[in-house]
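Raw contents of query_15.txt, compact mmCIF, C-alpha atoms:
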# COMPACT_ATOMS: atom_id res chain seq x y z
CA MET A 9 87.30 96.84 82.18
CA PHE A 10 90.53 97.02 80.24
CA PHE A 11 93.66 99.13 80.43
CA THR A 12 93.83 102.11 78.06
CA SER A 13 96.82 102.54 75.73
CA LEU A 14 98.29 105.18 78.03
CA GLU A 15 97.92 102.89 81.06
CA MET A 16 99.57 100.04 79.14
CA LEU A 17 102.42 102.34 78.15
CA ARG A 18 102.94 103.42 81.75
CA TRP A 19 102.82 99.85 82.96
CA ALA A 20 105.41 98.89 80.32
CA LEU A 21 107.64 101.81 81.40
CA GLY A 22 107.47 100.65 85.02
CA ALA A 23 108.27 97.07 84.06
CA PHE A 24 111.21 98.25 81.95
CA LEU A 25 112.60 100.35 84.80
CA GLU A 26 112.34 97.39 87.19
CA LEU A 27 114.09 95.07 84.74
CA PHE A 28 116.81 97.62 84.07
CA ALA A 29 117.39 98.18 87.79
CA LEU A 30 117.67 94.42 88.35
CA PHE A 31 120.04 94.12 85.38
CA LEU A 32 122.31 96.87 86.74
CA ALA A 33 122.23 95.37 90.24
CA LEU A 34 123.29 91.96 88.93
CA ARG A 35 125.86 93.41 86.55
CA HIS A 36 127.53 95.43 89.31
CA ARG A 37 127.32 92.48 91.73
CA ALA A 38 125.33 94.55 94.20
CA PHE A 39 123.91 91.31 95.68
CA GLU A 40 127.25 90.78 97.47
CA ARG A 41 126.70 93.83 99.67
CA LEU A 42 122.95 94.45 99.34
CA PRO A 43 121.30 91.01 99.12
CA PHE A 44 117.91 92.20 100.43
CA PHE A 45 117.75 95.09 97.96
CA VAL A 46 118.63 92.93 94.97
CA SER A 47 116.12 90.28 96.13
CA TYR A 48 113.52 93.05 96.33
CA LEU A 49 114.26 94.12 92.74
CA ALA A 50 113.91 90.50 91.61
CA LEU A 51 110.60 90.24 93.48
CA LEU A 52 109.34 93.33 91.63
CA VAL A 53 109.99 91.72 88.27
CA VAL A 54 108.39 88.42 89.34
CA SER A 55 105.39 90.31 90.81
CA GLU A 56 104.76 92.11 87.52
CA ALA A 57 104.71 88.79 85.70
CA ILE A 58 102.36 87.13 88.22
CA ILE A 59 100.01 90.11 88.41
CA GLY A 60 99.95 90.48 84.62
CA LEU A 61 99.17 86.78 84.22
CA THR A 62 96.37 86.94 86.81
CA TYR A 63 94.80 89.99 85.15
CA GLY A 64 94.94 88.20 81.80
CA LEU A 65 93.44 84.93 83.07
CA ALA A 66 90.97 86.04 85.74
CA GLY A 67 90.27 89.67 84.80
CA ILE A 68 91.21 92.97 86.43
CA GLN A 69 88.08 93.24 88.57
CA SER A 70 88.12 89.63 89.78
CA HIS A 71 88.51 88.55 93.40
CA SER A 72 91.63 86.57 92.44
CA ALA A 73 93.22 89.70 90.97
CA PHE A 74 92.54 91.58 94.22
CA ILE A 75 94.07 88.82 96.36
CA VAL A 76 97.10 88.34 94.11
CA TYR A 77 97.79 92.10 93.80
CA TRP A 78 97.59 92.80 97.53
CA GLY A 79 99.43 89.58 98.34
CA MET A 80 102.32 90.73 96.16
CA GLN A 81 102.16 94.22 97.68
CA SER A 82 102.41 92.72 101.18
CA LEU A 83 105.44 90.68 100.19
CA GLN A 84 107.07 93.75 98.62
CA LEU A 85 106.40 95.73 101.78
CA ILE A 86 108.15 93.09 103.89
CA PHE A 87 111.13 93.16 101.54
CA ARG A 88 111.22 96.99 101.65
CA ALA A 89 111.36 96.82 105.45
CA ALA A 90 114.27 94.38 105.13
CA VAL A 91 116.05 96.81 102.78
CA VAL A 92 115.61 99.62 105.33
CA PHE A 93 117.23 97.39 107.95
CA GLU A 94 120.01 96.59 105.46
CA ILE A 95 120.70 100.31 104.89
CA CYS A 96 120.82 101.03 108.63
CA ARG A 97 123.08 98.07 109.24
CA ALA A 98 125.42 98.91 106.34
CA SER A 99 125.85 102.47 107.66
CA LEU A 100 125.94 101.90 111.43
CA ALA A 101 127.22 98.36 112.03
CA PRO A 102 130.95 99.24 111.55
CA TYR A 103 130.57 101.36 114.71
CA TRP A 104 129.80 98.55 117.15
CA GLY A 105 128.91 100.57 120.22
CA VAL A 106 126.62 102.97 118.37
CA TRP A 107 125.02 100.12 116.40
CA ARG A 108 124.19 98.19 119.58
CA PHE A 109 122.68 101.35 121.04
CA CYS A 110 120.68 102.27 117.92
CA ARG A 111 119.53 98.78 116.98
CA GLY A 112 117.46 98.32 120.13
CA PHE A 113 115.87 101.72 119.66
CA LEU A 114 115.06 101.08 115.99
CA ILE A 115 113.51 97.69 116.79
CA ALA A 116 111.38 99.30 119.51
CA VAL A 117 110.21 102.01 117.09
CA ALA A 118 109.45 99.37 114.46
CA VAL A 119 107.37 97.26 116.87
CA LEU A 120 105.46 100.34 118.04
CA LEU A 121 104.67 101.60 114.53
CA VAL A 122 103.71 98.16 113.19
CA ALA A 123 101.44 97.52 116.18
CA SER A 124 99.86 100.93 115.63
CA ALA A 125 99.30 100.05 111.96
CA PHE A 126 97.48 96.85 112.85
CA VAL A 127 95.33 98.60 115.44
CA SER A 128 94.36 101.31 112.90
CA ALA A 129 93.54 98.68 110.29
CA TRP A 130 91.44 96.69 112.79
CA ARG A 131 89.47 99.79 113.73
CA SER A 132 88.78 100.73 110.10
CA GLY A 133 85.80 98.38 109.95
CA PRO A 134 84.78 94.90 108.80
CA HIS A 135 85.29 95.41 105.05
CA LEU A 136 88.46 94.17 103.39
CA SER A 137 89.29 97.21 101.24
CA PRO A 138 89.46 99.82 104.07
CA PHE A 139 91.34 97.28 106.20
CA VAL A 140 93.96 96.79 103.50
CA VAL A 141 94.30 100.49 102.64
CA THR A 142 94.55 101.58 106.29
CA GLY A 143 96.91 98.74 107.16
CA GLU A 144 99.19 99.57 104.26
CA ARG A 145 99.19 103.23 105.23
CA GLY A 146 100.35 102.35 108.75
CA LEU A 147 103.04 99.96 107.54
CA GLU A 148 104.40 102.46 105.00
CA LEU A 149 104.50 104.99 107.84
CA ALA A 150 106.52 102.47 109.84
CA ILE A 151 109.03 102.18 107.00
CA VAL A 152 109.41 105.98 106.77
CA GLY A 153 109.73 106.24 110.55
CA ILE A 154 112.44 103.61 110.88
CA LEU A 155 114.35 105.03 107.93
CA LEU A 156 114.23 108.56 109.37
CA PHE A 157 115.38 107.44 112.82
CA GLY A 158 118.19 105.35 111.35
CA LEU A 159 119.43 108.26 109.23
CA ALA A 160 119.02 110.66 112.15
CA PHE A 161 121.40 108.46 114.18
CA CYS A 162 123.89 108.59 111.28
CA ARG A 163 123.63 112.37 111.21
CA TYR A 164 123.88 112.74 114.99
CA TYR A 165 127.02 110.61 115.19
CA GLN A 166 128.38 112.16 111.98
CA ILE A 167 128.52 108.81 110.23
CA ARG A 168 128.61 109.21 106.48
CA VAL A 169 125.97 107.33 104.48
CA GLU A 170 127.46 106.12 101.21
CA SER A 171 126.03 107.71 98.09
CA HIS A 172 124.40 104.57 96.66
CA LEU A 173 122.74 103.83 100.03
CA ALA A 174 121.51 107.44 100.20
CA TRP A 175 119.78 107.16 96.81
CA ILE A 176 118.23 103.80 97.71
CA ALA A 177 117.01 105.26 101.02
CA LEU A 178 115.56 108.29 99.23
CA GLY A 179 113.64 106.06 96.83
CA LEU A 180 112.24 103.90 99.64
CA GLY A 181 111.32 106.86 101.84
CA PHE A 182 109.81 108.87 99.02
CA TYR A 183 107.57 106.04 97.84
CA SER A 184 106.45 105.10 101.34
CA ALA A 185 105.76 108.73 102.31
CA VAL A 186 103.64 109.29 99.19
CA GLN A 187 101.67 106.09 99.90
CA VAL A 188 100.91 107.31 103.43
CA MET A 189 99.27 110.43 102.03
CA ASN A 190 97.76 108.61 99.05
CA ASN A 191 96.08 105.95 101.19
CA ALA A 192 94.89 108.54 103.71
CA VAL A 193 93.13 110.46 100.90
CA LEU A 194 91.64 107.25 99.45
CA HIS A 195 90.35 106.28 102.88
CA GLU A 196 88.57 109.65 103.14
CA LEU A 197 87.31 110.05 99.57
CA SER A 198 86.84 106.33 98.68
CA ALA A 199 85.84 105.20 95.18
CA GLY A 200 85.89 108.59 93.44
CA PHE A 201 89.57 109.07 94.18
CA PHE A 202 90.60 105.60 92.99
CA PRO A 203 91.90 106.53 89.46
CA ILE A 204 94.03 109.34 90.94
CA TRP A 205 95.21 106.98 93.71
CA SER A 206 96.26 104.42 91.14
CA ASN A 207 98.12 106.95 88.97
CA LEU A 208 99.86 108.52 91.94
CA ARG A 209 100.90 105.11 93.22
CA MET A 210 102.41 104.15 89.88
CA ALA A 211 104.10 107.53 89.31
CA SER A 212 105.69 107.66 92.77
CA PHE A 213 107.00 104.12 92.37
CA GLN A 214 108.54 104.97 89.01
CA ILE A 215 110.22 108.02 90.55
CA ALA A 216 111.61 105.72 93.27
CA LEU A 217 112.90 103.39 90.54
CA VAL A 218 114.72 106.30 88.93
CA PHE A 219 116.41 107.06 92.28
CA TRP A 220 117.50 103.40 92.48
CA LEU A 221 118.85 103.54 88.94
CA VAL A 222 120.95 106.53 90.00
CA ALA A 223 122.24 104.42 92.92
CA LEU A 224 123.13 101.52 90.62
CA ARG A 225 124.43 103.45 87.59
CA LYS A 226 128.05 102.77 88.58
CA PRO A 227 129.64 99.77 90.28
CA LEU A 228 129.38 100.04 94.05
CA PRO A 229 132.39 101.83 95.56
CA GLU A 230 134.97 99.89 97.52
CA ARG A 231 133.81 99.09 101.05
CA PRO A 232 135.44 101.70 103.33
CA PRO A 233 137.95 100.32 105.84
CA ALA A 234 136.54 99.42 109.24
CA PRO A 235 137.09 102.21 111.76
CA VAL A 236 139.71 101.62 114.44
CA MET A 237 137.93 101.41 117.76
CA LEU A 238 139.16 103.03 120.93
CA GLY A 239 139.67 100.99 124.07
CA ARG A 240 136.63 100.53 126.28
CA ASN A 241 138.19 102.62 129.05
CA ALA A 242 138.33 105.76 126.95
CA TYR A 243 134.58 106.10 126.67
CA GLU A 244 133.87 104.98 130.24
CA THR A 245 136.36 107.53 131.58
CA LEU A 246 135.50 110.52 129.44
CA ALA A 247 131.78 110.32 128.70
CA PRO A 248 130.59 110.75 132.32
CA GLN A 249 132.87 113.77 132.70
CA VAL A 250 131.48 115.40 129.58
CA ASN A 251 127.91 114.81 130.70
CA ALA A 252 128.53 116.14 134.19
CA ARG A 253 130.14 119.30 132.84
CA LEU A 254 127.40 119.88 130.34
CA ARG A 255 124.78 119.52 133.09
CA GLU A 256 126.63 122.13 135.17
CA LEU A 257 126.91 124.42 132.16
CA ASN A 258 123.20 124.23 131.57
CA ALA A 259 122.53 124.91 135.26
CA ARG A 260 124.66 128.09 135.03
CA LEU A 261 122.89 129.21 131.89
CA LEU A 262 119.57 128.69 133.63
CA GLU A 263 120.73 130.92 136.52
CA MET A 264 121.83 133.60 134.07
CA TRP A 265 118.50 133.57 132.31
CA LYS A 266 116.57 133.80 135.56
CA MET B 23 88.06 112.58 109.57
CA THR B 24 89.49 115.58 107.66
CA VAL B 25 91.93 116.15 110.54
CA SER B 26 93.52 112.74 110.01
CA LEU B 27 93.84 113.52 106.30
CA PHE B 28 95.74 116.73 107.02
CA VAL B 29 97.84 114.98 109.67
CA PHE B 30 98.90 112.18 107.35
CA SER B 31 99.54 114.58 104.45
CA GLY B 32 101.66 116.74 106.75
CA ILE B 33 103.57 113.71 108.00
CA SER B 34 104.14 112.58 104.45
CA LEU B 35 105.49 115.94 103.27
CA ALA B 36 107.61 116.43 106.41
CA GLY B 37 108.98 112.91 105.98
CA ILE B 38 110.15 113.54 102.42
CA LEU B 39 111.72 116.90 103.26
CA THR B 40 113.44 115.52 106.37
CA LEU B 41 114.73 112.54 104.43
CA ALA B 42 116.25 114.77 101.73
CA TRP B 43 117.78 117.00 104.41
CA LEU B 44 119.28 114.07 106.34
CA LEU B 45 120.75 112.52 103.22
CA PHE B 46 122.01 115.39 101.16
CA THR B 47 122.77 118.48 103.24
CA PRO B 48 126.43 118.86 104.25
CA ARG B 49 127.41 118.13 107.80
CA HIS B 50 130.25 119.58 109.91
CA ALA B 51 132.72 116.71 109.59
CA ALA B 52 133.68 115.38 106.20
CA GLY B 53 133.60 111.62 106.44
CA SER B 54 132.84 109.33 109.30
CA GLY B 55 133.46 109.85 112.98
CA ALA B 56 136.76 108.04 112.57
CA GLY B 57 137.61 110.25 109.63
CA ALA B 58 136.78 113.35 111.59
CA VAL B 59 139.27 112.41 114.26
CA ALA B 60 141.94 111.10 111.92
CA ASN B 61 141.77 113.96 109.46
CA SER B 62 141.61 116.84 111.90
CA ALA B 63 143.88 117.22 114.87
CA ILE B 64 142.47 116.45 118.30
CA GLU B 65 143.15 120.10 119.21
CA ASP B 66 140.43 121.16 116.71
CA LEU B 67 137.88 119.33 118.84
CA LEU B 68 138.89 121.06 122.08
CA PRO B 69 137.58 124.48 123.15
CA GLN B 70 139.51 127.55 122.07
CA HIS B 71 137.52 130.66 122.88
CA CYS B 72 137.42 130.11 126.63
CA ARG B 73 141.17 130.88 126.67
CA HIS B 74 140.36 134.53 125.97
CA PHE B 75 138.43 134.99 129.20
CA PRO B 76 141.14 137.18 130.88
CA GLN B 77 140.84 139.67 127.99
CA MET B 78 137.05 139.62 128.38
CA CYS B 79 137.43 140.40 132.10
CA ARG B 80 139.33 143.56 131.22
CA VAL B 81 136.61 144.55 128.75
CA LEU B 82 133.87 144.05 131.33
CA ARG B 83 135.42 145.96 134.24
CA ALA B 84 132.71 148.01 135.94
CA ASP B 85 135.05 150.89 136.92
CA ASP B 86 135.83 151.45 133.22
CA LEU B 87 132.16 151.96 132.54
CA SER B 88 131.70 154.48 135.36
CA PHE B 89 134.86 156.36 134.24
CA VAL B 90 133.60 156.68 130.68
CA ARG B 91 130.18 157.82 131.86
CA ARG B 92 131.76 160.55 134.02
CA ARG B 93 134.35 161.81 131.54
CA ALA B 94 133.23 161.11 127.99
CA PRO B 95 130.37 162.75 126.04
CA TRP B 96 127.06 160.93 126.14
CA ARG B 97 127.31 159.74 122.51
CA LEU B 98 130.79 158.33 123.03
CA ALA B 99 129.72 156.55 126.23
CA ARG B 100 126.77 155.03 124.42
CA SER B 101 128.86 153.87 121.48
CA TRP B 102 131.49 152.44 123.88
CA ARG B 103 128.78 150.55 125.75
CA ALA B 104 127.34 149.18 122.49
CA GLU B 105 130.79 147.97 121.42
CA ARG B 106 131.27 146.30 124.81
CA HIS B 107 127.91 144.62 124.38
CA ARG B 108 128.92 143.41 120.94
CA LEU B 109 132.17 141.95 122.21
CA LEU B 110 130.34 140.22 125.03
CA ARG B 111 127.94 138.71 122.56
CA ARG B 112 130.81 137.54 120.35
CA TYR B 113 132.51 135.91 123.32
CA LEU B 114 129.30 134.18 124.28
CA GLU B 115 129.05 132.86 120.72
CA GLY B 116 132.62 131.67 121.09
CA LEU B 117 131.70 129.80 124.26
CA VAL B 118 128.84 128.19 122.37
CA GLU B 119 131.28 127.12 119.70
CA ASP B 120 133.48 125.63 122.43
CA PHE B 121 130.49 123.76 123.81
CA LEU B 122 129.71 122.40 120.36
CA ARG B 123 133.31 121.23 119.94
CA LEU B 124 133.08 119.34 123.23
CA GLU B 125 129.76 117.86 122.25
CA ARG B 126 131.22 116.77 118.94
CA LEU B 127 134.18 115.23 120.75
CA ALA B 128 131.82 113.29 122.99
CA ARG B 129 129.98 111.97 119.92
CA VAL B 130 133.22 110.96 118.22
CA LEU B 131 134.23 109.08 121.38
CA ALA B 132 130.93 107.23 121.34
CA THR B 133 131.25 106.46 117.63
CA LEU B 134 134.68 104.92 118.12
CA SER B 135 133.86 103.09 121.31
CA PRO B 136 133.09 99.34 121.15
CA ARG B 137 130.37 99.81 123.74
CA VAL B 138 128.38 102.89 124.76
CA ASN B 139 126.26 103.56 127.80
CA ARG B 140 122.62 104.29 126.91
CA ARG B 141 122.11 106.57 129.86
CA GLN B 142 125.22 108.60 129.00
CA GLU B 143 124.14 109.00 125.41
CA TRP B 144 120.59 110.04 126.27
CA GLY B 145 122.01 112.42 128.87
CA LEU B 146 124.32 113.99 126.32
CA PHE B 147 121.49 114.35 123.82
CA LEU B 148 119.18 116.01 126.34
CA GLN B 149 121.91 118.31 127.65
CA GLY B 150 122.61 119.40 124.08
CA ILE B 151 118.96 120.32 123.52
CA LYS B 152 118.79 122.09 126.86
CA PHE B 153 121.97 124.05 126.11
CA ARG B 154 120.71 125.26 122.73
CA LEU B 155 117.46 126.44 124.30
CA LEU B 156 119.10 128.13 127.28
CA TYR B 157 121.73 129.85 125.16
CA ARG B 158 119.02 131.52 123.08
CA LEU B 159 117.24 132.64 126.23
CA VAL B 160 120.47 134.08 127.63
CA VAL B 161 121.04 136.00 124.39
CA LEU B 162 117.56 137.49 124.84
CA HIS B 163 118.51 138.37 128.41
CA LEU B 164 121.60 140.09 127.03
CA LEU B 165 119.48 142.14 124.63
CA PHE B 166 117.52 143.61 127.53
CA GLY B 167 120.20 143.66 130.19
CA SER B 168 123.73 142.41 130.68
CA ILE B 169 125.80 139.57 132.03
CA THR B 170 128.12 140.09 134.95
CA VAL B 171 131.75 139.02 135.07
CA PRO B 172 131.15 136.32 137.74
CA GLU B 173 128.44 134.75 135.61
CA LEU B 174 130.67 134.73 132.55
CA GLU B 175 133.53 133.42 134.65
CA ARG B 176 131.46 130.48 135.81
CA LEU B 177 130.52 129.59 132.24
CA THR B 178 134.11 129.85 131.06
CA GLU B 179 135.41 127.76 133.93
CA LEU B 180 132.99 124.98 133.08
CA VAL B 181 134.05 124.82 129.47
CA SER B 182 137.78 125.27 130.09
CA GLY B 183 137.75 122.86 133.05
CA LEU B 184 136.26 120.13 130.94
CA ALA B 185 138.69 120.88 128.13
CA ALA B 186 141.66 120.54 130.49
CA ALA B 187 140.35 117.26 131.90
CA LEU B 188 139.73 115.86 128.43
CA GLU B 189 143.11 116.97 127.16
CA GLN B 190 144.80 115.25 130.09
CA GLU B 191 142.89 112.02 129.63
CA MET B 192 143.35 111.98 125.90
CA SER B 193 147.09 112.49 126.09
CA GLY B 194 147.15 109.24 128.05
CA ILE B 195 144.91 107.52 125.54
CA GLY B 196 146.83 108.92 122.56
CA THR B 197 149.96 106.87 123.28
CA SER B 198 148.01 103.63 123.09
CA LEU B 199 146.01 104.39 119.92
CA ALA B 200 146.75 103.05 116.46
CA PRO B 201 148.73 105.49 114.28
CA PRO B 202 145.76 106.96 112.34
CA LEU B 203 144.20 108.24 115.55
CA ARG B 204 147.27 109.38 117.39
CA ALA B 205 147.31 113.16 117.93
CA ASP B 206 150.18 115.45 118.67
CA PHE B 207 149.23 117.39 121.76
CA GLY B 208 152.22 119.64 121.41
CA GLY B 209 154.15 121.10 124.24
Could you write out this file's structure as structure tokens?
Amino acid sequence: MFFTSLEMLRWALGAFLELFALFLALRHRAFERLPFFVSYLALLVVSEAIIGLTYGLAGIQSHSAFIVYWGMQSLQLIFRAAVVFEICRASLAPYWGVWRFCRGFLIAVAVLLVASAFVSAWRSGPHLSPFVVTGERGLELAIVGILLFGLAFCRYYQIRVESHLAWIALGLGFYSAVQVMNNAVLHELSAGFFPIWSNLRMASFQIALVFWLVALRKPLPERPPAPVMLGRNAYETLAPQVNARLRELNARLLEMWK
Amino acid sequence: MTVSLFVFSGISLAGILTLAWLLFTPRHAAGSGAGAVANSAIEDLLPQHCRHFPQMCRVLRADDLSFVRRRAPWRLARSWRAERHRLLRRYLEGLVEDFLRLERLARVLATLSPRVNRRQEWGLFLQGIKFRLLYRLVVLHLLFGSITVPELERLTELVSGLAAALEQEMSGIGTSLAPPLRADFGG
């Protein structure tokens, strides 16, 4: 089995986009503020080379090709999770109190979703392919979940997410969300759906690359100044009062409704 | 098996839409929590509508209603009652706005605090959800009936009481803050 001309063209387009994104990231010194993201882009380029070499030497349908491809995908998934953490930290960490509060919650959500992914994969049966597809689906779902919760905290506390981080987050979330659906369909329809699965996977990743190119098109903006924190007493004095009053308000509203 | 397919597809689509909404739809405050406080005066975060409660009391006086019913034509009484209803609804919306200002203030305090209490934050979050639900139910109640002055008075007192307490505390805090966060509480 060989790639068609169209498949080769699409593969070349993907490789070009990855190289260009890495070039822009290095040129704009993005590694100083986003080391995990830039490392991920570098891994993409290296993965393409390794996978291409394996296909050429061992063949597309070989066992080695399967192991190398999914090994690289696993590594990329770990790096994507690290980038999600990097985005959450870059946005929330300047606000120490909120970051401490959110971090524990995000870690708990991550552990829950990853454990759920492994359980789903284990229950998918003894064969390797369903195990891998189901496991990846669960882990991509974990990435989407953590990203959404992290951004929800930013929205709730009215913390602005910088434009370049927003585009990177959109690319990560979009790709992971599409893989969740894509792998779910493949799990149901199996071999017949494989060509569509493959095309959808490639297309969604290239769309994510375009989002990352938008993020990297200009040099990263200056890091905003760290917010000036209030004294510890301010929150400890005022927050309980606010909560108590809001509870009373809700109790009165409940009486009015009844 | 088909159920899980629909579930995952739904999750996937909802995830993408929610992500786009979280990232790119405008929010109330331009900038960060610190920016919201530094750029707008502290007074903008404190309730304002609850100050108009005395005027609302005059609007809601029961003897006015009975006088109009006795003396004015039926159509005029009905239109007067509808206008009263409308004003009441507007005031209630104003109280909601005051609540949201207080909630926003509480969030800004948490954002700028070096340490937050988990229980307080969860409490605030749950109270906010409860308030939004109850307010809508009360508006429904208003559509089919009315709200008495004592009930409205209790609501107003809660909002204005908290505002007064916060204003007092924050005037003490304001003198010790760095210049970007200092607010002029006026006299």
Exercise. What are the residues of chain A that have an atom within 6 Å of an atom of chain B, counting only C-alpha atoms, as a VMD selection string?
Worked result: chain A and resid 103 to 106 165 to 168 174 182 185 189 192 235 237 to 238 251 258 265
Exercise. Could you pull the residues within 9 Å of Ile95 of chain A, counting all atoms listed in the file, minus those fewer than 5 positions along the same chain, as number ranges by chain?
Worked result: A: 42, 90, 100, 155, 158, 169, 173-174, 176-177
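With atom CA of Gly116 of chain B on one side and atom CA of Leu257 of chain A on the other, the separation reads 14.4 Å.
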Problem set entry | Distance criterion (all atoms listed in the file): nearest to Phe93 of chain A out of A:Gly133, A:Gly64, A:Ala38, A:Leu180 | A:Leu180
Using only C-alpha atoms, which protein or nucleic acid residues come within 12 Å of Ala116 of chain A? Drop anything in the same chain fewer than 4 positions from it, and give the result as a PDB file with C-alpha atoms, keeping the file's coordinate frame.
ATOM      1  CA  PHE A 109     122.680 101.350 121.040  1.00  0.00           C
ATOM      2  CA  CYS A 110     120.680 102.270 117.920  1.00  0.00           C
ATOM      3  CA  ARG A 111     119.530  98.780 116.980  1.00  0.00           C
ATOM      4  CA  GLY A 112     117.460  98.320 120.130  1.00  0.00           C
ATOM      5  CA  LEU A 120     105.460 100.340 118.040  1.00  0.00           C
ATOM      6  CA  LEU A 121     104.670 101.600 114.530  1.00  0.00           C
ATOM      7  CA  VAL A 122     103.710  98.160 113.190  1.00  0.00           C
ATOM      8  CA  ALA A 123     101.440  97.520 116.180  1.00  0.00           C
ATOM      9  CA  ALA A 150     106.520 102.470 109.840  1.00  0.00           C
ATOM     10  CA  GLY A 153     109.730 106.240 110.550  1.00  0.00           C
ATOM     11  CA  ILE A 154     112.440 103.610 110.880  1.00  0.00           C
ATOM     12  CA  PHE A 157     115.380 107.440 112.820  1.00  0.00           C
TER      13      PHE A 157
END
Problem set entry | Coordinates-based distance that separates atom CA of Leu156 of chain A from atom CA of Ala247 of chain A (Å, one decimal) | 26.2 Å
Exercise. What is the atom CA of His36 of chain A-atom CA of Val218 of chain A distance in Å, reported with one decimal?
Worked result: 16.8 Å
For this session: Excluding Gln187 of chain A and any residue of its chain fewer than 5 positions from it, enumerate the residues within 12 Å of it, using all atoms listed in the file, and give them as a count of residues only.
Result: 37
Problem set entry | Distance criterion (all atoms listed in the file): nearest to Gly60 of chain A out of A:Cys96, A:Val127, A:Ala20, A:Leu30 |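 Of A:Cys96, A:Val127, A:Ala20, A:Leu30, the one nearest Gly60 of chain A is A:Ala20, counting all atoms listed in the file.
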